[in-house]
Each structure stands twice: as structure tokens, then as C-alpha cells.
file protein29.txt (compact mmCIF, C-alpha atoms and all ligand atoms)
# COMPACT_ATOMS: atom_id res chain seq x y z
CA MET V 1 128.67 164.66 87.01
CA ASN V 2 131.91 163.71 88.72
CA ARG V 3 132.46 160.37 90.34
CA LEU V 4 131.92 160.80 94.07
CA TYR V 5 133.70 159.20 97.02
CA ASN V 6 132.07 155.85 97.73
CA PHE V 7 132.38 154.27 101.18
CA CYS V 8 130.07 151.34 100.43
CA ALA V 9 130.78 148.06 102.25
CA GLY V 10 130.03 146.06 99.12
CA PRO V 11 129.65 146.08 96.21
CA ALA V 12 132.36 148.61 96.84
CA ALA V 13 134.40 151.23 95.03
CA LEU V 14 136.59 150.03 92.18
CA PRO V 15 139.80 151.79 91.12
CA GLU V 16 138.93 154.48 88.59
CA ALA V 17 141.85 153.41 86.40
CA VAL V 18 140.38 149.91 86.22
CA LEU V 19 136.94 151.19 85.23
CA LYS V 20 138.49 153.37 82.54
CA LYS V 21 140.53 150.49 81.16
CA ALA V 22 137.43 148.27 81.09
CA GLN V 23 135.52 151.07 79.40
CA SER V 24 138.17 151.45 76.74
CA GLU V 25 138.04 147.71 76.04
CA LEU V 26 134.31 147.24 76.51
CA LEU V 27 133.15 147.08 72.90
CA ASN V 28 136.23 145.66 71.29
CA TRP V 29 138.78 143.84 73.42
CA GLN V 30 142.32 144.21 72.06
CA ASP V 31 141.02 144.57 68.51
CA ARG V 32 139.44 141.13 68.40
CA GLY V 33 136.11 142.69 67.41
CA LEU V 34 134.09 141.65 70.47
CA SER V 35 133.63 142.33 74.17
CA VAL V 36 135.05 140.08 76.89
CA MET V 37 131.39 139.58 77.90
CA GLU V 38 130.73 137.96 74.53
CA MET V 39 133.70 135.60 74.40
CA SER V 40 133.59 131.86 74.76
CA HIS V 41 135.22 131.03 78.06
CA ARG V 42 137.10 128.33 76.15
CA SER V 43 138.51 130.72 73.55
CA ALA V 44 142.25 131.35 73.44
CA GLU V 45 141.54 135.01 74.22
CA PHE V 46 139.59 134.36 77.40
CA VAL V 47 141.90 131.59 78.56
CA ALA V 48 144.77 134.08 78.28
CA ILE V 49 142.81 136.63 80.34
CA ALA V 50 142.02 133.98 82.95
CA GLU V 51 145.56 132.63 83.20
CA THR V 52 147.10 136.08 83.46
CA ALA V 53 144.70 136.99 86.26
CA GLU V 54 145.59 133.84 88.19
CA ALA V 55 149.32 134.34 87.65
CA ASP V 56 149.10 137.95 88.84
CA LEU V 57 147.16 136.93 91.94
CA ARG V 58 149.68 134.19 92.72
CA GLU V 59 152.48 136.73 92.40
CA LEU V 60 150.72 139.36 94.54
CA MET V 61 149.83 136.96 97.36
CA ASN V 62 152.84 134.70 96.94
CA ILE V 63 150.65 131.60 96.48
CA SER V 64 152.67 128.41 95.99
CA ASP V 65 151.91 125.49 93.68
CA ASP V 66 150.64 123.61 96.74
CA TYR V 67 147.44 125.62 96.34
CA ALA V 68 144.69 125.67 93.73
CA VAL V 69 143.13 129.05 92.93
CA LEU V 70 139.46 128.86 91.94
CA PHE V 71 137.34 131.57 90.30
CA LEU V 72 133.75 130.63 91.19
CA GLN V 73 130.21 131.92 91.49
CA GLY V 74 127.92 131.79 94.51
CA GLY V 75 129.46 134.39 96.80
CA ALA V 76 131.21 133.93 100.10
CA THR V 77 127.87 132.77 101.46
CA GLN V 78 127.96 129.67 99.30
CA GLN V 79 131.36 128.87 100.78
CA PHE V 80 129.69 128.64 104.20
CA SER V 81 128.34 125.29 102.94
CA ALA V 82 131.14 124.37 100.53
CA VAL V 83 133.69 124.41 103.36
CA PRO V 84 132.08 121.74 105.56
CA LEU V 85 131.04 119.67 102.53
CA ASN V 86 134.62 119.57 101.26
CA LEU V 87 136.61 119.45 104.48
CA LEU V 88 134.72 117.33 106.99
CA ASN V 89 135.92 114.14 105.26
CA GLY V 90 133.95 111.79 107.51
CA ASN V 91 134.57 113.83 110.65
CA ASN V 92 131.50 115.34 112.28
CA LYS V 93 133.14 118.19 114.17
CA ALA V 94 134.45 121.60 113.20
CA ASN V 95 135.77 124.57 115.21
CA TYR V 96 134.38 128.04 114.55
CA VAL V 97 135.35 131.39 116.05
CA ASN V 98 132.45 133.80 116.55
CA THR V 99 133.57 137.41 116.18
CA GLY V 100 130.58 138.96 114.42
CA GLN V 101 127.68 138.77 112.00
CA TRP V 102 129.59 136.95 109.26
CA SER V 103 131.01 134.40 111.69
CA LYS V 104 127.47 133.76 112.91
CA LYS V 105 126.21 133.11 109.40
CA ALA V 106 129.06 130.71 108.69
CA ILE V 107 128.31 128.88 111.96
CA LYS V 108 124.60 128.66 111.22
CA GLU V 109 125.25 127.07 107.84
CA ALA V 110 127.93 124.68 109.14
CA LYS V 111 125.46 123.37 111.73
CA ARG V 112 123.55 121.72 108.89
CA TYR V 113 126.51 119.42 108.36
CA CYS V 114 128.31 118.86 111.64
CA ASP V 115 128.66 119.58 115.33
CA VAL V 116 130.01 123.09 115.52
CA GLN V 117 132.32 123.87 118.39
CA VAL V 118 132.27 127.63 118.99
CA VAL V 119 135.79 127.90 120.35
CA ALA V 120 135.46 131.55 121.34
CA SER V 121 132.88 134.30 121.04
CA SER V 122 132.86 138.04 121.56
CA GLU V 123 129.09 138.25 121.28
CA ALA V 124 128.66 139.14 124.96
CA ASP V 125 130.84 142.20 124.29
CA ASN V 126 128.75 143.15 121.27
CA PHE V 127 131.54 141.92 118.97
CA THR V 128 133.92 144.73 119.85
CA ASN V 129 137.02 142.60 120.41
CA ILE V 130 138.80 139.35 119.54
CA PRO V 131 139.00 136.75 122.30
CA ALA V 132 142.63 136.01 123.25
CA PHE V 133 143.92 132.84 121.60
CA ASP V 134 144.87 131.24 124.93
CA SER V 135 141.19 131.33 125.94
CA TRP V 136 139.99 129.37 122.89
CA ASP V 137 138.39 126.02 123.60
CA ILE V 138 139.51 124.08 120.52
CA VAL V 139 138.38 120.52 119.80
CA ASN V 140 141.58 118.84 118.69
CA ASP V 141 140.06 116.04 116.62
CA ALA V 142 137.80 118.33 114.59
CA ALA V 143 138.23 118.60 110.83
CA TYR V 144 139.21 122.27 110.65
CA LEU V 145 139.08 125.68 112.31
CA HIS V 146 137.08 128.47 110.63
CA TYR V 147 137.34 132.17 111.40
CA THR V 148 136.59 135.56 109.86
CA PRO V 149 139.81 137.62 109.73
CA ASN V 150 137.85 140.83 109.14
CA GLU V 151 134.29 141.33 110.28
CA THR V 152 132.91 143.73 107.70
CA ILE V 153 129.94 144.85 109.82
CA GLY V 154 131.56 145.19 113.25
CA GLY V 155 134.87 146.51 111.93
CA VAL V 156 136.96 143.99 113.89
CA GLU V 157 140.12 142.54 112.36
CA PHE V 158 142.65 139.87 113.31
CA PHE V 159 146.27 140.97 112.96
CA TRP V 160 147.48 137.45 113.75
CA THR V 161 146.73 134.00 112.39
CA PRO V 162 145.60 131.15 114.64
CA GLU V 163 148.15 128.32 114.58
CA VAL V 164 146.49 124.96 115.18
CA ASP V 165 147.05 121.32 114.18
CA MET V 166 144.29 121.27 111.59
CA PRO V 167 143.47 123.19 108.43
CA VAL V 168 142.66 126.85 109.09
CA VAL V 169 139.82 128.20 106.96
CA ALA V 170 139.40 131.96 106.56
CA ASP V 171 136.59 134.08 105.16
CA MET V 172 138.75 136.90 103.83
CA SER V 173 136.01 138.64 101.85
CA SER V 174 136.72 142.10 103.22
CA THR V 175 140.45 141.94 103.94
CA ILE V 176 142.01 139.98 101.06
CA LEU V 177 144.62 141.99 99.13
CA SER V 178 144.60 144.80 101.72
CA ARG V 179 148.00 143.67 103.05
CA PRO V 180 150.40 140.73 102.73
CA ILE V 181 149.40 137.47 104.42
CA GLU V 182 151.12 134.10 104.72
CA VAL V 183 148.99 131.84 102.55
CA ASP V 184 150.92 128.79 103.78
CA LYS V 185 149.23 129.13 107.17
CA PHE V 186 145.82 128.36 105.67
CA GLY V 187 143.97 125.32 104.35
CA VAL V 188 141.31 127.36 102.59
CA ILE V 189 140.95 131.09 101.97
CA TYR V 190 137.77 132.35 100.35
CA ALA V 191 136.42 135.76 99.45
CA GLY V 192 133.50 137.32 97.64
CA ALA V 193 134.95 139.67 95.04
CA GLN V 194 132.85 142.76 95.64
CA LYS V 195 135.01 144.29 98.36
CA ASN V 196 138.66 144.28 97.28
CA ILE V 197 138.73 142.14 94.13
CA GLY V 198 136.19 143.28 91.57
CA PRO V 199 132.47 143.29 90.82
CA SER V 200 130.06 140.96 92.61
CA GLY V 201 129.33 137.57 91.06
CA LEU V 202 132.87 136.25 91.43
CA THR V 203 134.15 134.31 94.43
CA LEU V 204 137.78 133.46 94.96
CA VAL V 205 138.80 130.22 96.69
CA ILE V 206 142.42 129.38 97.46
CA VAL V 207 142.63 125.78 98.64
CA ARG V 208 145.56 123.58 99.61
CA LYS V 209 145.68 120.78 97.07
CA ASP V 210 145.96 117.96 99.63
CA LEU V 211 142.48 118.93 100.87
CA LEU V 212 140.90 118.24 97.48
CA GLY V 213 139.00 115.05 96.67
CA ASN V 214 137.33 114.42 100.03
CA ALA V 215 133.95 116.04 99.41
CA HIS V 216 130.94 114.34 100.98
CA ALA V 217 129.11 112.06 98.52
CA SER V 218 126.06 114.33 98.61
CA THR V 219 128.06 117.42 97.60
CA PRO V 220 126.67 119.12 94.49
CA SER V 221 129.37 119.02 91.81
CA MET V 222 129.31 122.80 91.68
CA LEU V 223 130.38 122.94 95.34
CA ASP V 224 133.13 120.32 95.00
CA TYR V 225 136.52 122.05 95.02
CA LYS V 226 138.12 119.14 93.15
CA VAL V 227 135.67 119.43 90.26
CA HIS V 228 136.61 123.09 89.85
CA ALA V 229 140.34 122.57 90.44
CA ASP V 230 140.51 119.77 87.85
CA ALA V 231 138.70 121.93 85.30
CA GLY V 232 140.60 125.17 85.90
CA SER V 233 137.34 126.71 87.21
CA MET V 234 135.75 125.99 83.83
CA SER V 235 133.68 122.91 84.63
CA ASN V 236 130.74 125.12 83.73
CA THR V 237 130.67 128.73 82.54
CA PRO V 238 132.74 130.75 85.00
CA PRO V 239 131.91 134.35 85.97
CA ALA V 240 133.95 135.43 82.97
CA TYR V 241 133.56 139.19 83.03
CA GLY V 242 134.16 139.37 86.77
CA TRP V 243 137.28 137.26 86.30
CA TYR V 244 138.51 139.74 83.67
CA MET V 245 137.74 142.70 85.96
CA ALA V 246 139.56 141.01 88.83
CA GLY V 247 142.53 140.62 86.51
CA LEU V 248 142.52 144.36 85.85
CA VAL V 249 142.38 145.00 89.61
CA PHE V 250 145.35 142.66 90.18
CA GLN V 251 147.33 144.58 87.55
CA TRP V 252 146.37 147.85 89.23
CA ILE V 253 147.60 146.54 92.60
CA LYS V 254 150.88 145.45 91.01
CA GLU V 255 151.32 148.93 89.54
CA PHE V 256 150.50 150.38 92.97
CA GLY V 257 153.55 148.53 94.29
CA GLY V 258 151.95 145.29 95.49
CA LEU V 259 150.51 144.43 98.87
CA THR V 260 153.27 145.99 100.96
CA ALA V 261 152.60 149.38 99.37
CA MET V 262 148.87 148.76 99.67
CA GLU V 263 149.21 148.04 103.37
CA ALA V 264 151.18 151.23 103.99
CA THR V 265 148.47 153.32 102.33
CA ASN V 266 145.67 151.41 104.04
CA ARG V 267 147.27 151.86 107.45
CA ARG V 268 147.71 155.59 106.85
CA LYS V 269 144.06 155.94 105.81
CA ALA V 270 142.78 153.98 108.82
CA GLU V 271 145.06 155.71 111.33
CA LYS V 272 143.90 159.12 110.14
CA LEU V 273 140.25 158.22 110.47
CA TYR V 274 140.50 156.44 113.84
CA GLY V 275 142.77 159.22 115.08
CA PHE V 276 140.18 161.81 114.18
CA ILE V 277 137.33 159.82 115.76
CA ASP V 278 139.27 159.21 118.98
CA GLY V 279 140.25 162.87 119.19
CA HIS V 280 136.69 164.12 118.86
CA ASP V 281 134.02 163.90 121.57
CA PHE V 282 131.25 163.96 119.00
CA TYR V 283 132.33 160.66 117.37
CA ALA V 284 133.09 157.21 118.76
CA ASN V 285 134.26 153.79 117.60
CA PRO V 286 133.59 150.93 120.04
CA VAL V 287 136.23 148.41 118.90
CA GLU V 288 139.27 147.58 121.07
CA ILE V 289 142.22 149.47 119.62
CA GLN V 290 144.40 146.50 118.62
CA SER V 291 141.55 144.86 116.67
CA ARG V 292 140.29 147.80 114.66
CA SER V 293 139.71 146.97 111.03
CA LEU V 294 141.81 148.66 108.38
CA MET V 295 138.95 148.27 105.90
CA ASN V 296 135.67 148.94 107.71
CA VAL V 297 135.39 151.78 110.23
CA PRO V 298 132.07 151.90 112.10
CA PHE V 299 131.38 155.02 114.13
CA THR V 300 128.54 156.65 116.00
CA LEU V 301 127.55 160.26 116.54
CA ALA V 302 127.11 161.62 120.08
CA ASP V 303 123.40 162.00 119.31
CA SER V 304 121.86 159.36 117.05
CA ALA V 305 118.95 161.73 116.31
CA LEU V 306 121.45 163.49 114.03
CA ASP V 307 122.21 160.37 111.95
CA LYS V 308 119.78 161.27 109.19
CA ALA V 309 121.08 164.81 108.85
CA PHE V 310 124.65 163.51 108.85
CA LEU V 311 123.95 161.12 106.01
CA ALA V 312 122.00 163.66 103.96
CA GLN V 313 124.68 166.31 104.31
CA ALA V 314 127.44 163.80 103.62
CA GLU V 315 125.75 162.87 100.38
CA GLU V 316 125.46 166.52 99.44
CA ALA V 317 129.18 166.81 100.07
CA GLY V 318 129.81 163.91 97.66
CA LEU V 319 130.41 161.23 100.29
CA LEU V 320 128.28 158.18 99.54
CA ASN V 321 127.12 155.12 101.48
CA LEU V 322 128.16 155.99 105.03
CA LYS V 323 125.13 154.42 106.67
CA GLY V 324 126.02 151.65 109.12
CA HIS V 325 124.74 148.10 108.69
CA ARG V 326 121.09 147.70 109.68
CA SER V 327 122.08 145.30 112.47
CA VAL V 328 124.29 147.81 114.31
CA GLY V 329 123.12 151.27 113.18
CA GLY V 330 125.29 154.37 113.23
CA MET V 331 127.78 154.96 110.43
CA ARG V 332 130.36 152.88 108.66
CA ALA V 333 133.08 154.05 106.32
CA SER V 334 134.51 151.21 104.25
CA ILE V 335 137.92 152.30 103.08
CA TYR V 336 138.98 149.45 100.82
CA ASN V 337 142.00 149.50 98.50
CA ALA V 338 140.14 151.43 95.81
CA VAL V 339 139.04 154.23 98.18
CA PRO V 340 141.74 156.88 97.79
CA GLU V 341 143.38 158.66 100.69
CA ALA V 342 141.79 161.88 99.42
CA ALA V 343 138.39 160.33 100.15
CA VAL V 344 139.37 159.78 103.78
CA ASP V 345 140.64 163.36 104.00
CA ALA V 346 137.36 164.64 102.57
CA LEU V 347 135.39 162.53 105.03
CA ILE V 348 137.37 163.85 108.00
CA ASP V 349 136.87 167.44 106.81
CA PHE V 350 133.17 166.83 106.52
CA MET V 351 132.93 165.18 109.96
CA GLN V 352 134.80 168.08 111.52
CA GLY V 353 132.45 170.61 109.96
CA PHE V 354 129.33 168.65 110.85
CA ALA V 355 130.32 168.36 114.51
CA LYS V 356 131.14 172.07 114.70
CA ASP V 357 127.70 172.97 113.33
CA GLN V 358 126.02 171.15 116.22
CA VAL V 359 127.36 173.35 119.02
C1 LIG I 1 130.36 140.47 102.15
C2 LIG I 1 130.77 139.35 103.02
C3 LIG I 1 130.20 138.07 102.90
C4 LIG I 1 129.06 137.77 101.94
O1 LIG I 1 129.50 137.72 100.66
P1 LIG I 1 128.51 137.31 99.47
O2 LIG I 1 129.44 137.36 98.30
O3 LIG I 1 127.43 138.35 99.44
O4 LIG I 1 127.96 135.97 99.76
C5 LIG I 1 130.67 137.05 103.71
N1 LIG I 1 131.66 137.27 104.59
C6 LIG I 1 132.23 138.49 104.74
C7 LIG I 1 133.33 138.66 105.73
C8 LIG I 1 131.80 139.56 103.95
O5 LIG I 1 132.38 140.76 104.10
call {"tool": "encode", "arguments": {"input": "protein29.txt", "output": "C-alpha cells"}}
result
Amino acid sequence: MNRLYNFCAGPAALPEAVLKKAQSELLNWQDRGLSVMEMSHRSAEFVAIAETAEADLRELMNISDDYAVLFLQGGATQQFSAVPLNLLNGNNKANYVNTGQWSKKAIKEAKRYCDVQVVASSEADNFTNIPAFDSWDIVNDAAYLHYTPNETIGGVEFFWTPEVDMPVVADMSSTILSRPIEVDKFGVIYAGAQKNIGPSGLTLVIVRKDLLGNAHASTPSMLDYKVHADAGSMSNTPPAYGWYMAGLVFQWIKEFGGLTAMEATNRRKAEKLYGFIDGHDFYANPVEIQSRSLMNVPFTLADSALDKAFLAQAEEAGLLNLKGHRSVGGMRASIYNAVPEAAVDALIDFMQGFAKDQV
């Protein structure tokens, strides 16, 4: 059977070239007689894999030596607690922007550790927009500002970075590597791997080095950024195979032409899909136009009674995982880096045909 087009929100599609490369190296990596999965993380072989991956990521994202890059376990969700534990530094206040389900989870976790100031929220609008920066009610003596640049469930994305006099912390799980960003504008960037980086089980943290070393005394060592930074993410066994796979993805992005080329393709894919949805009475996307995600495109059918048939027929047509998140319903097409433009074209063809069949 052929590989089908996969629109899953996460774990998401991986580039076929990366899977093939991993397959070719699975049993016997570069003639060393063993798999990467079976290597000591302290071996010269694995250390070379790890260092190359980090160097490639630094090149792709233009990450300066002012930042540590950590390859961790625990998912983005674990960072919801790691961030306050590492950054509060005796302060008991933090600013959070609430633009969707992932923001809410980060806020809920942070409330265990400090007074959370919700500086702005789009919840009253069902998370279909991003509150204008000049309306934000920021506490100036708080330890940091946290936001979610791309809300994976609602399909809402920031195309600007908040500029404030405190470290900016961003959950970039579903937007990292989709386009260039200015890392220097952030104190901490974190991302679960299973959207644009690699398989699940790996979490990337990019942290400005001057923020290291202030973790609360109660912080578990495994959540202390300094412990991981000092040990090159090898204080304990790192997610070694995921790290290797991420390295293959970074190489694939470099061969693609880097993040500028990636952005051009991602914009084309998203514009096609939103353009089709907007031009068709049968489909709708609720998000304000300037905040529509390049990566996650939620949409509804004119009649939700047809959702089941839509999903069943889509699957028959080789289009997988279009069901929307259980909290919002409808459909969602996640069109991450590894989802080719041909997949978007096939989806639009299918949507056109499905709508026609209903009249
Ligand atoms: C997927 C996702 C998460 C959760 O990631 P885990 O690795 O499952 O903990 C958090 N934030 C955002 C924005 C996500 O897309």
C-alpha cells in the first residue's frame, strides 16, 4: 500500500525522504554494525549525531551563542511547569496571553507556582483572533511574558512578536521551523518535536544563557535548564533516537533551501486552502484573516450532520486525520512542513467534489 496524505495535528507527517534515510540506516548505522537506537549516548558516534543536529538547527534558525539548545524529554506540557520553575527567580508574578487551548493549559500549570496575570484573552470570541497588543494589560514587574505563537487547535497564529521589558517565552510546538523567526527576541522557546521536528518523545528548548541558574530550590533536577545545559542534554539518557531523527529533519530542511524556502511553500499551501474555503459557501473557517495559522487549518461544513461522511470519504480518497480536535469539532487540516503541496491540492479536489455531491 502507498503512503497516504496525513493531515494529523501530531504526531504528524514526517518527510518521506527522512523516513527512507532512517530506514536505510536502521539496522546498521554508517557501517558501525549497530542501530542508533542501540548506541551509548556517550559514544563518539552518537555524540557526533547529536552535535551535528544542534549545529544544523543553530544554522537554520540563526541561533547565537547567547543561547543554549536543549534536547529533552517530557513534551511541551512539561515545559508548562519548567518555565515558571526556572524563570520566576523569586518573583511571584508572570504574564500570560490566552489565545486558545494550549495557552489555557500553560496558564493552569503556571498557577501552581505564581500569580498569573492574563494580559489578554480571546476566549470570549471563541479564540478566533489575537487581541491587539495595545490592549494588553501587562504587569511590568513580572518575571516573564508567556504566549503561544501558534494555537494548534484553534488555528490562530501570531505574525508578530510581543516586545516587552522582560523575557518573552514562546510555546512554538506547532510553528517552529515553518518560517524564519528572530530568536534574539525571546528568552525561552520550547517545542514538542512531533509537529515540525521529528517523532514524539523529544522536546526542544532554546534558552538564553543569562536565564540559567535561577531555578527554584524545589525544582526537580530534570526540569532545571542549567542541569541540562551544563551536561549538553546528557545529564541522563536523552531521547537519543528522536534526536537523531530530528537531525535528519534539519538536514532535509537545509536541502529544501532553509526556512525562507519553507515559508514560501507553507504560505502557498495555506493560501490555496484558505482561498478555497473562503470561496466556497459549503466550507468556513472562523479565524480573523490576519491571524490564520499557516500550519493548522480548522474548517467546518455547512451541515455538521455530514461530518462523518466527509471523514469516511476523505479516508477512502487517501486523506487521513482530518477530524477536528474534540474540543472544537469540525475538521482540521494540519499542513506542516512535511505535508507536501500535492497533499493540499488533493484535499482541495476532494473538498470540491464532496460539496458538489451534496446539491
Ligand atoms: C502539541 C502541543 C503541545 C503539547 O505537546 P506535548 O509534547 O504533547 O506535551 C503544547 N503546545 C502546543 C502549541 C502544541 O501544539
call {"tool": "atom_distance", "arguments": {"input": "protein29.txt", "atom1": "atom CA of Ala270 of chain V", "atom2": "atom CA of Tyr244 of chain V"}}
result
29.2 Å
call {"tool": "residues_near_ligand", "arguments": {"input": "protein29.txt", "ligand": "ligand LIG 1 (chain I)", "cutoff": "9 Å", "atoms": "all atoms listed in the file", "output": "JSON, numbers by chain"}}
result
{"V": [9, 10, 11, 73, 74, 75, 76, 77, 78, 79, 80, 101, 102, 103, 105, 106, 148, 149, 150, 151, 152, 153, 171, 172, 173, 174, 175, 190, 191, 192, 193, 194, 195, 200, 201, 202, 203]}
call {"tool": "residues_around", "arguments": {"input": "protein29.txt", "residues": "Glu163 of chain V", "least_positions_apart": "5", "cutoff": "10 Å", "atoms": "only C-alpha atoms", "output": "short mmCIF file (atom, residue, chain, number, x, y, z; two decimals) with C-alpha atoms, in the frame of the given file"}}
result
data_model
loop_
_atom_site.label_atom_id
_atom_site.label_comp_id
_atom_site.auth_asym_id
_atom_site.auth_seq_id
_atom_site.Cartn_x
_atom_site.Cartn_y
_atom_site.Cartn_z
CA PHE V 133 143.92 132.84 121.60
CA LEU V 145 139.08 125.68 112.31
CA VAL V 168 142.66 126.85 109.09
CA LYS V 185 149.23 129.13 107.17
CA PHE V 186 145.82 128.36 105.67
#
call {"tool": "closest_residue", "arguments": {"input": "protein29.txt", "among": "V:Val339, V:Ala110, V:Ala305, V:Val344", "to": "Ala13 of chain V", "atoms": "only C-alpha atoms"}}
result
V:Val339
call {"tool": "residues_around", "arguments": {"input": "protein29.txt", "residues": "Asn266 of chain V", "least_positions_apart": "4", "cutoff": "7 Å", "atoms": "all atoms listed in the file", "output": "PyMOL selection string"}}
result
chain V and resi 262+270+294+337
call {"tool": "closest_residue", "arguments": {"input": "protein29.txt", "among": "V:Ala12, V:Leu320, V:Ile49, V:Ala17", "to": "Gln30 of chain V", "atoms": "all atoms listed in the file"}}
result
V:Ile49
call {"tool": "closest_residue", "arguments": {"input": "protein29.txt", "among": "V:Ala120, V:Val207, V:Val297, V:Leu223", "to": "Lys323 of chain V", "atoms": "all atoms listed in the file"}}
result
V:Val297
call {"tool": "closest_residue", "arguments": {"input": "protein29.txt", "among": "V:Ala229, V:Tyr283, V:Ser327, V:Val359", "to": "Asn126 of chain V", "atoms": "all atoms listed in the file"}}
result
V:Ser327
call {"tool": "closest_atom_pairs", "arguments": {"input": "protein29.txt", "of": "segment 213-265 of chain V", "to": "segment 34-44 of chain V", "cutoff": "10 Å", "atoms": "all atoms listed in the file", "output": "Markdown table"}}
result
| residue | atom | partner | partner_atom | distance |
| --- | --- | --- | --- | --- |
| V:Met234 | CA | V:His41 | CA | 7.7 |
| V:Asn236 | CA | V:His41 | CA | 9.3 |
| V:Thr237 | CA | V:His41 | CA | 6.8 |
| V:Pro238 | CA | V:His41 | CA | 7.4 |
| V:Pro239 | CA | V:His41 | CA | 9.2 |
| V:Ala240 | CA | V:His41 | CA | 6.7 |
| V:Tyr241 | CA | V:Met37 | CA | 5.6 |
| V:Gly242 | CA | V:Met37 | CA | 9.3 |
| V:Tyr244 | CA | V:Val36 | CA | 7.6 |
| V:Met245 | CA | V:Val36 | CA | 9.8 |
call {"tool": "atom_distance", "arguments": {"input": "protein29.txt", "atom1": "atom CA of Ile289 of chain V", "atom2": "atom CA of Ile335 of chain V"}}
result
17.3 Å
